[in-house]
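Heads up, the thing below is written out as structure tokens.
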Amino acid sequence: MEIIEPHISQVLPLFRALHTYHADLDPSIYPCDAPDAEFMALLSGAMSLGGQLFAHDAGWGLVSYVLAKPEFIERDALRMARRSVRIDHLYVCPAARGLGLGQQLIARVEDWMREIGFDAWHVVYHCDNPGAAEFYAAIGATPSKGISEIGRAHV
């Protein structure tokens with residue numbers, strides 16, 4: 001399968017499938033009823049900020065995609081400067097899992113990252129998504145920091 005740079009409209013069905021997966025994991029956070037126009041607006045916004053899409057074309061349609069976005073953090077009194085690429089979405093349809101497509105997408109993001117002069121990438125994933133944790137560990141990614149979210153609903 002060939003890796004292409006798809007138009008956002010081609011990615012929409014996979015983007016919706018990934019979002020539905022997240023909504024199934026935690027429906028209290030992720031609504032599942034947004035119209036396509038809102039999903040397209042989110043993807044367009046990411047692309048307007050320098051985002052890059054890569055996808056596997058199976059000849060009859062896309063079976064995987066990744067959305068990567070460059071991030072620039074200026075040095076200040078609290079943080080060191082950082083230029084990295086954030087893996088914002090990565091999805092492989094269930095029928096194509098186990099073929100190494102996710103790893104191929106990450107390799108393509110790493111090539112792109114070097115093309116634009118960056119030397120690191122990072123990803124944030126939900127702790128209730130063990131598949132993501134296993135995938136990133138299997139390709140050699142290591143955790144860099146943890147974030148805990150706590151709260152209490154008002155009664």
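If you're wondering about the labels, chains in the structure tokens are A, B, ... by order shown, residues count from 1 in each chain, ligands from 1 in order shown.
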Could you give me, as a Markdown table, a per-residue list for segment 7-38 of chain A showing, wherever an atom lies at most 9 Å from an atom of segment 43-46 of chain A, the closest pair of atoms and their distance in Å to one decimal, using only C-alpha atoms and sorting by chain then residue number from low to high?
```
| residue | atom | partner | partner_atom | distance |
| --- | --- | --- | --- | --- |
| A:Ile8 | CA | A:Leu43 | CA | 6.6 |
| A:Leu12 | CA | A:Leu43 | CA | 8.5 |
| A:Phe15 | CA | A:Leu43 | CA | 8.9 |
| A:Glu38 | CA | A:Leu43 | CA | 8.8 |
```
Compile the contact shell of Gly131 of chain A as a VMD selection string: residues with an atom at most 12 Å away, counting only C-alpha atoms, same-chain residues fewer than 4 positions apart removed.
-> chain A and resid 21 to 22 25 90 to 92 94 97 to 98 102 125 to 127 135 to 138
Would you mind listing what lies within 12 Å of Leu53 of chain A as a CSV table (one decimal) with all heavy atoms, in the first residue's frame, with only C-alpha atoms counted and same-chain residues fewer than 3 positions away left out?
```csv
chain,number,residue,atom,x,y,z
A,3,ILE,N,1.8,5.2,0.7
A,3,ILE,CA,1.5,6.3,1.6
A,3,ILE,C,1.3,7.6,0.8
A,3,ILE,O,2.2,7.9,-0.1
A,3,ILE,CB,2.6,6.5,2.7
A,3,ILE,CG1,2.6,5.3,3.6
A,3,ILE,CG2,2.3,7.8,3.5
A,3,ILE,CD1,3.7,5.4,4.7
A,4,ILE,N,0.2,8.2,1.0
A,4,ILE,CA,-0.1,9.4,0.2
A,4,ILE,C,-0.4,10.6,1.2
A,4,ILE,O,-0.5,10.4,2.4
A,4,ILE,CB,-1.4,9.2,-0.7
A,4,ILE,CG1,-2.6,9.0,0.2
A,4,ILE,CG2,-1.2,8.1,-1.7
A,4,ILE,CD1,-3.9,9.2,-0.6
A,5,GLU,N,-0.4,11.8,0.6
A,5,GLU,CA,-0.8,13.0,1.3
A,5,GLU,C,-2.3,13.3,0.9
A,5,GLU,O,-2.5,14.0,-0.1
A,5,GLU,CB,0.1,14.1,1.1
A,5,GLU,CG,1.5,13.9,1.5
A,5,GLU,CD,2.5,15.0,1.3
A,5,GLU,OE1,2.1,16.1,1.0
A,5,GLU,OE2,3.7,14.7,1.3
A,6,PRO,N,-3.2,12.8,1.6
A,6,PRO,CA,-4.6,12.9,1.2
A,6,PRO,C,-5.2,14.3,1.4
A,6,PRO,O,-4.7,15.1,2.2
A,6,PRO,CB,-5.3,11.9,2.1
A,6,PRO,CG,-4.6,11.9,3.3
A,6,PRO,CD,-3.1,12.1,2.9
A,7,HIS,N,-6.3,14.5,0.7
A,7,HIS,CA,-7.1,15.7,1.0
A,7,HIS,C,-7.9,15.4,2.3
A,7,HIS,O,-8.3,14.2,2.5
A,7,HIS,CB,-8.1,16.0,-0.2
A,7,HIS,CG,-8.9,17.2,0.0
A,7,HIS,ND1,-10.1,17.2,0.6
A,7,HIS,CD2,-8.6,18.5,-0.3
A,7,HIS,CE1,-10.5,18.5,0.7
A,7,HIS,NE2,-9.7,19.3,0.1
A,8,ILE,N,-8.2,16.4,3.0
A,8,ILE,CA,-8.9,16.2,4.3
A,8,ILE,C,-10.3,15.5,4.1
A,8,ILE,O,-10.7,14.7,4.9
A,8,ILE,CB,-9.1,17.5,5.1
A,8,ILE,CG1,-9.9,18.5,4.4
A,8,ILE,CG2,-7.8,18.0,5.6
A,8,ILE,CD1,-10.3,19.7,5.2
A,9,SER,N,-10.9,15.7,3.0
A,9,SER,CA,-12.2,15.0,2.8
A,9,SER,C,-12.1,13.5,2.6
A,9,SER,O,-13.0,12.8,3.0
A,9,SER,CB,-12.9,15.6,1.5
A,9,SER,OG,-12.1,15.3,0.4
A,10,GLN,N,-10.9,13.1,2.2
A,10,GLN,CA,-10.6,11.6,2.1
A,10,GLN,C,-10.5,11.0,3.5
A,10,GLN,O,-10.7,9.8,3.6
A,10,GLN,CB,-9.4,11.4,1.2
A,10,GLN,CG,-9.5,11.7,-0.2
A,10,GLN,CD,-8.1,11.5,-0.9
A,10,GLN,OE1,-7.3,12.4,-0.8
A,10,GLN,NE2,-7.9,10.4,-1.5
A,11,VAL,N,-10.0,11.8,4.4
A,11,VAL,CA,-9.7,11.3,5.7
A,11,VAL,C,-10.9,11.3,6.6
A,11,VAL,O,-11.0,10.6,7.6
A,11,VAL,CB,-8.6,12.1,6.4
A,11,VAL,CG1,-8.3,11.8,7.8
A,11,VAL,CG2,-7.3,12.0,5.6
A,12,LEU,N,-11.9,12.0,6.3
A,12,LEU,CA,-13.1,12.2,7.1
A,12,LEU,C,-13.7,10.9,7.6
A,12,LEU,O,-14.0,10.8,8.8
A,12,LEU,CB,-14.2,13.0,6.4
A,12,LEU,CG,-15.4,13.4,7.2
A,12,LEU,CD1,-15.1,14.2,8.4
A,12,LEU,CD2,-16.4,14.1,6.3
A,15,PHE,N,-11.4,9.7,10.3
A,15,PHE,CA,-11.4,10.6,11.5
A,15,PHE,C,-12.7,10.4,12.3
A,15,PHE,O,-12.6,10.3,13.5
A,15,PHE,CB,-11.4,12.1,10.9
A,15,PHE,CG,-11.4,13.1,11.9
A,15,PHE,CD1,-10.2,13.4,12.7
A,15,PHE,CD2,-12.5,13.9,12.2
A,15,PHE,CE1,-10.2,14.4,13.6
A,15,PHE,CE2,-12.5,14.9,13.1
A,15,PHE,CZ,-11.3,15.2,13.9
A,43,LEU,N,-10.3,19.6,11.0
A,43,LEU,CA,-9.2,19.1,10.2
A,43,LEU,C,-8.6,20.3,9.4
A,43,LEU,O,-7.4,20.5,9.3
A,43,LEU,CB,-9.6,18.0,9.2
A,43,LEU,CG,-9.9,16.7,9.9
A,43,LEU,CD1,-10.6,15.7,8.9
A,43,LEU,CD2,-8.6,16.0,10.4
A,44,SER,N,-9.4,21.2,8.9
A,44,SER,CA,-9.0,22.3,8.1
A,44,SER,C,-8.2,23.3,9.1
A,44,SER,O,-7.1,23.8,8.6
A,44,SER,CB,-10.1,23.1,7.6
A,44,SER,OG,-10.8,22.4,6.6
A,46,ALA,N,-6.4,22.4,11.7
A,46,ALA,CA,-5.1,21.8,12.0
A,46,ALA,C,-4.2,22.0,10.8
A,46,ALA,O,-3.0,22.3,10.9
A,46,ALA,CB,-5.3,20.3,12.3
A,47,MET,N,-4.7,21.9,9.6
A,47,MET,CA,-3.9,22.0,8.4
A,47,MET,C,-3.5,23.5,8.2
A,47,MET,O,-2.3,23.7,7.8
A,47,MET,CB,-4.7,21.5,7.1
A,47,MET,CG,-5.1,20.1,7.2
A,47,MET,SD,-3.8,18.9,7.5
A,47,MET,CE,-3.0,19.0,5.9
A,48,SER,N,-4.3,24.4,8.6
A,48,SER,CA,-4.0,25.8,8.4
A,48,SER,C,-2.9,26.2,9.4
A,48,SER,O,-2.2,27.2,9.2
A,48,SER,CB,-5.2,26.7,8.6
A,48,SER,OG,-5.6,26.7,10.0
A,50,GLY,N,-0.2,24.3,9.9
A,50,GLY,CA,1.0,23.6,9.5
A,50,GLY,C,0.8,22.1,9.6
A,50,GLY,O,1.8,21.4,9.4
A,56,HIS,N,-2.5,5.6,4.2
A,56,HIS,CA,-2.3,4.5,3.3
A,56,HIS,C,-3.5,4.3,2.4
A,56,HIS,O,-4.7,4.2,2.9
A,56,HIS,CB,-2.2,3.2,4.1
A,56,HIS,CG,-0.8,3.0,4.7
A,56,HIS,ND1,-0.5,3.3,6.0
A,56,HIS,CD2,0.3,2.5,4.1
A,56,HIS,CE1,0.8,3.0,6.2
A,56,HIS,NE2,1.3,2.5,5.1
A,62,LEU,N,-8.9,4.8,1.7
A,62,LEU,CA,-7.9,4.9,2.8
A,62,LEU,C,-8.2,3.9,3.9
A,62,LEU,O,-9.3,3.7,4.3
A,62,LEU,CB,-7.9,6.3,3.3
A,62,LEU,CG,-7.6,7.4,2.3
A,62,LEU,CD1,-7.5,8.8,3.1
A,62,LEU,CD2,-6.3,7.2,1.5
A,64,SER,N,-5.8,3.9,6.7
A,64,SER,CA,-5.1,4.5,7.9
A,64,SER,C,-4.8,5.9,7.6
A,64,SER,O,-4.7,6.3,6.5
A,64,SER,CB,-3.8,3.7,8.2
A,64,SER,OG,-2.8,3.9,7.2
A,65,TYR,N,-4.5,6.6,8.7
A,65,TYR,CA,-4.0,8.0,8.5
A,65,TYR,C,-3.4,8.5,9.8
A,65,TYR,O,-3.6,7.9,10.9
A,65,TYR,CB,-5.2,9.0,8.2
A,65,TYR,CG,-6.0,9.5,9.3
A,65,TYR,CD1,-5.7,10.8,9.9
A,65,TYR,CD2,-7.0,8.8,9.9
A,65,TYR,CE1,-6.4,11.3,10.9
A,65,TYR,CE2,-7.7,9.3,11.0
A,65,TYR,CZ,-7.4,10.5,11.5
A,65,TYR,OH,-8.1,11.0,12.6
A,66,VAL,N,-2.6,9.5,9.7
A,66,VAL,CA,-2.0,10.2,10.8
A,66,VAL,C,-2.0,11.7,10.5
A,66,VAL,O,-1.9,12.1,9.4
A,66,VAL,CB,-0.5,9.7,11.0
A,66,VAL,CG1,0.4,10.1,9.9
A,66,VAL,CG2,0.1,10.3,12.3
A,67,LEU,N,-2.3,12.4,11.5
A,67,LEU,CA,-2.3,13.9,11.5
A,67,LEU,C,-1.2,14.3,12.4
A,67,LEU,O,-1.2,14.0,13.6
A,67,LEU,CB,-3.6,14.5,11.9
A,67,LEU,CG,-3.6,16.0,12.1
A,67,LEU,CD1,-3.2,16.8,10.8
A,67,LEU,CD2,-5.0,16.5,12.6
A,68,ALA,N,-0.2,15.0,11.9
A,68,ALA,CA,1.0,15.5,12.7
A,68,ALA,C,1.0,17.0,12.6
A,68,ALA,O,0.7,17.6,11.5
A,68,ALA,CB,2.3,14.9,12.1
A,69,LYS,N,1.3,17.6,13.7
A,69,LYS,CA,1.3,19.1,13.7
A,69,LYS,C,2.6,19.6,14.3
A,69,LYS,O,3.0,19.1,15.4
A,69,LYS,CB,0.2,19.6,14.5
A,69,LYS,CG,-1.2,19.2,14.0
A,69,LYS,CD,-2.4,19.9,14.7
A,69,LYS,CE,-2.4,19.7,16.2
A,69,LYS,NZ,-3.7,20.2,16.8
A,70,PRO,N,3.3,20.5,13.7
A,70,PRO,CA,4.5,21.1,14.3
A,70,PRO,C,4.1,22.0,15.5
A,70,PRO,O,3.1,22.6,15.5
A,70,PRO,CB,5.1,22.0,13.2
A,70,PRO,CG,4.0,22.2,12.2
A,70,PRO,CD,3.0,21.1,12.4
A,87,ILE,N,2.0,14.1,17.2
A,87,ILE,CA,1.2,13.1,16.5
A,87,ILE,C,-0.2,13.3,17.1
A,87,ILE,O,-0.5,13.0,18.3
A,87,ILE,CB,1.6,11.7,16.8
A,87,ILE,CG1,3.1,11.5,16.4
A,87,ILE,CG2,0.7,10.7,16.1
A,87,ILE,CD1,3.4,11.7,15.0
A,88,ASP,N,-1.1,14.0,16.4
A,88,ASP,CA,-2.4,14.4,16.9
A,88,ASP,C,-3.4,13.3,16.8
A,88,ASP,O,-4.2,13.1,17.7
A,88,ASP,CB,-2.8,15.7,16.2
A,88,ASP,CG,-3.8,16.4,17.1
A,88,ASP,OD1,-3.6,16.6,18.3
A,88,ASP,OD2,-4.8,16.9,16.5
A,89,HIS,N,-3.4,12.6,15.7
A,89,HIS,CA,-4.3,11.5,15.5
A,89,HIS,C,-3.5,10.4,14.7
A,89,HIS,O,-2.7,10.7,13.8
A,89,HIS,CB,-5.5,11.8,14.6
A,89,HIS,CG,-6.3,12.9,15.0
A,89,HIS,ND1,-6.6,14.0,14.1
A,89,HIS,CD2,-6.9,13.3,16.2
A,89,HIS,CE1,-7.4,14.8,14.8
A,89,HIS,NE2,-7.5,14.5,16.0
A,90,LEU,N,-3.8,9.2,15.1
A,90,LEU,CA,-3.3,8.0,14.3
A,90,LEU,C,-4.3,7.0,14.3
A,90,LEU,O,-4.7,6.6,15.4
A,90,LEU,CB,-1.9,7.5,14.8
A,90,LEU,CG,-1.2,6.5,13.9
A,90,LEU,CD1,0.3,6.6,14.0
A,90,LEU,CD2,-1.7,5.1,14.1
A,91,TYR,N,-4.8,6.5,13.2
A,91,TYR,CA,-5.8,5.5,13.1
A,91,TYR,C,-5.6,4.5,12.0
A,91,TYR,O,-5.2,4.9,10.9
A,91,TYR,CB,-7.2,6.2,12.9
A,91,TYR,CG,-8.3,5.2,12.9
A,91,TYR,CD1,-8.8,4.6,14.1
A,91,TYR,CD2,-9.0,4.8,11.7
A,91,TYR,CE1,-9.9,3.7,14.1
A,91,TYR,CE2,-10.0,3.9,11.7
A,91,TYR,CZ,-10.5,3.4,12.9
A,91,TYR,OH,-11.5,2.5,12.9
A,105,LEU,N,3.5,4.8,9.1
A,105,LEU,CA,3.0,6.2,9.2
A,105,LEU,C,4.0,7.0,10.1
A,105,LEU,O,4.3,8.1,9.8
A,105,LEU,CB,1.6,6.3,9.7
A,105,LEU,CG,0.5,5.8,8.7
A,105,LEU,CD1,-0.9,5.8,9.4
A,105,LEU,CD2,0.5,6.7,7.5
A,106,ILE,N,4.4,6.4,11.2
A,106,ILE,CA,5.3,7.1,12.1
A,106,ILE,C,6.6,7.3,11.4
A,106,ILE,O,7.2,8.4,11.5
A,106,ILE,CB,5.5,6.3,13.4
A,106,ILE,CG1,4.2,6.3,14.2
A,106,ILE,CG2,6.6,6.9,14.2
A,106,ILE,CD1,3.7,7.6,14.7
A,108,ARG,N,7.0,7.8,8.2
A,108,ARG,CA,6.8,8.9,7.3
A,108,ARG,C,6.8,10.2,8.0
A,108,ARG,O,7.3,11.2,7.5
A,108,ARG,CB,5.5,8.6,6.5
A,108,ARG,CG,5.3,9.7,5.4
A,108,ARG,CD,6.4,9.8,4.4
A,108,ARG,NE,6.2,10.9,3.5
A,108,ARG,CZ,6.9,12.1,3.6
A,108,ARG,NH1,7.7,12.3,4.6
A,108,ARG,NH2,6.6,13.1,2.8
A,109,VAL,N,6.2,10.2,9.2
A,109,VAL,CA,6.1,11.5,10.0
A,109,VAL,C,7.6,11.8,10.4
A,109,VAL,O,8.0,13.0,10.3
A,109,VAL,CB,5.3,11.3,11.2
A,109,VAL,CG1,5.5,12.5,12.2
A,109,VAL,CG2,3.8,11.3,10.8
A,112,TRP,N,9.2,13.5,7.4
A,112,TRP,CA,8.7,14.8,7.3
A,112,TRP,C,9.3,15.8,8.3
A,112,TRP,O,9.6,16.9,8.1
A,112,TRP,CB,7.2,14.8,7.3
A,112,TRP,CG,6.5,16.2,7.3
A,112,TRP,CD1,6.5,17.0,6.3
A,112,TRP,CD2,5.8,16.8,8.4
A,112,TRP,NE1,5.8,18.2,6.7
A,112,TRP,CE2,5.4,18.0,8.0
A,112,TRP,CE3,5.5,16.4,9.7
A,112,TRP,CZ2,4.6,18.9,8.8
A,112,TRP,CZ3,4.8,17.2,10.5
A,112,TRP,CH2,4.4,18.5,10.1
```
What does the distance between atom CA of Asp111 of chain A and atom CA of Val124 of chain A come to in Å, to one decimal place?
->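 Result for atom CA of Asp111 of chain A versus atom CA of Val124 of chain A: 20.2 Å, one decimal.
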For Arg83 of chain A, which of A:Leu99, A:Ile29, A:Ala37, A:Ile116 is the closest residue, counting only C-alpha atoms?
->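 Answer, going by the shortest atom-to-atom distance: A:Ile116.
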Based on DSSP run over this structure's backbone, return all residues of segment 50-134 of chain A in strand (DSSP E or B), as a PyMOL selection string.
-> chain A and resi 52-57+62-73+82-92+121-123
Enumerate as a list in words all residues of segment 88-132 of chain A assigned to helix (DSSP H, G or I) by DSSP on the backbone, naming them with the chain letters and numbers the document uses.
->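 Residues of segment 88-132 of chain A classed as helix (DSSP H, G or I): Pro94, Ala95, Ala96, Leu101, Gly102, Gln103, Gln104, Leu105, Ile106, Ala107, Arg108, Val109, Glu110, Asp111, Trp112, Met113, Arg114, Glu115, Pro130, Gly131 and Ala132 of chain A.
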Smallest atom-to-atom distance to Val123 of chain A: which of A:Glu71, A:Asp24, A:Asp33, A:Asp76, using only C-alpha atoms?
->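 Closest to Val123 of chain A of all the choices is A:Glu71.
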Rank nothing, just name the residue among A:Ala17, A:Cys93, A:His122, A:Gly117 nearest to Ala58 of chain A, using only C-alpha atoms.
->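 Looking at the shortest contact to Ala58 of chain A, the residue is A:Cys93.
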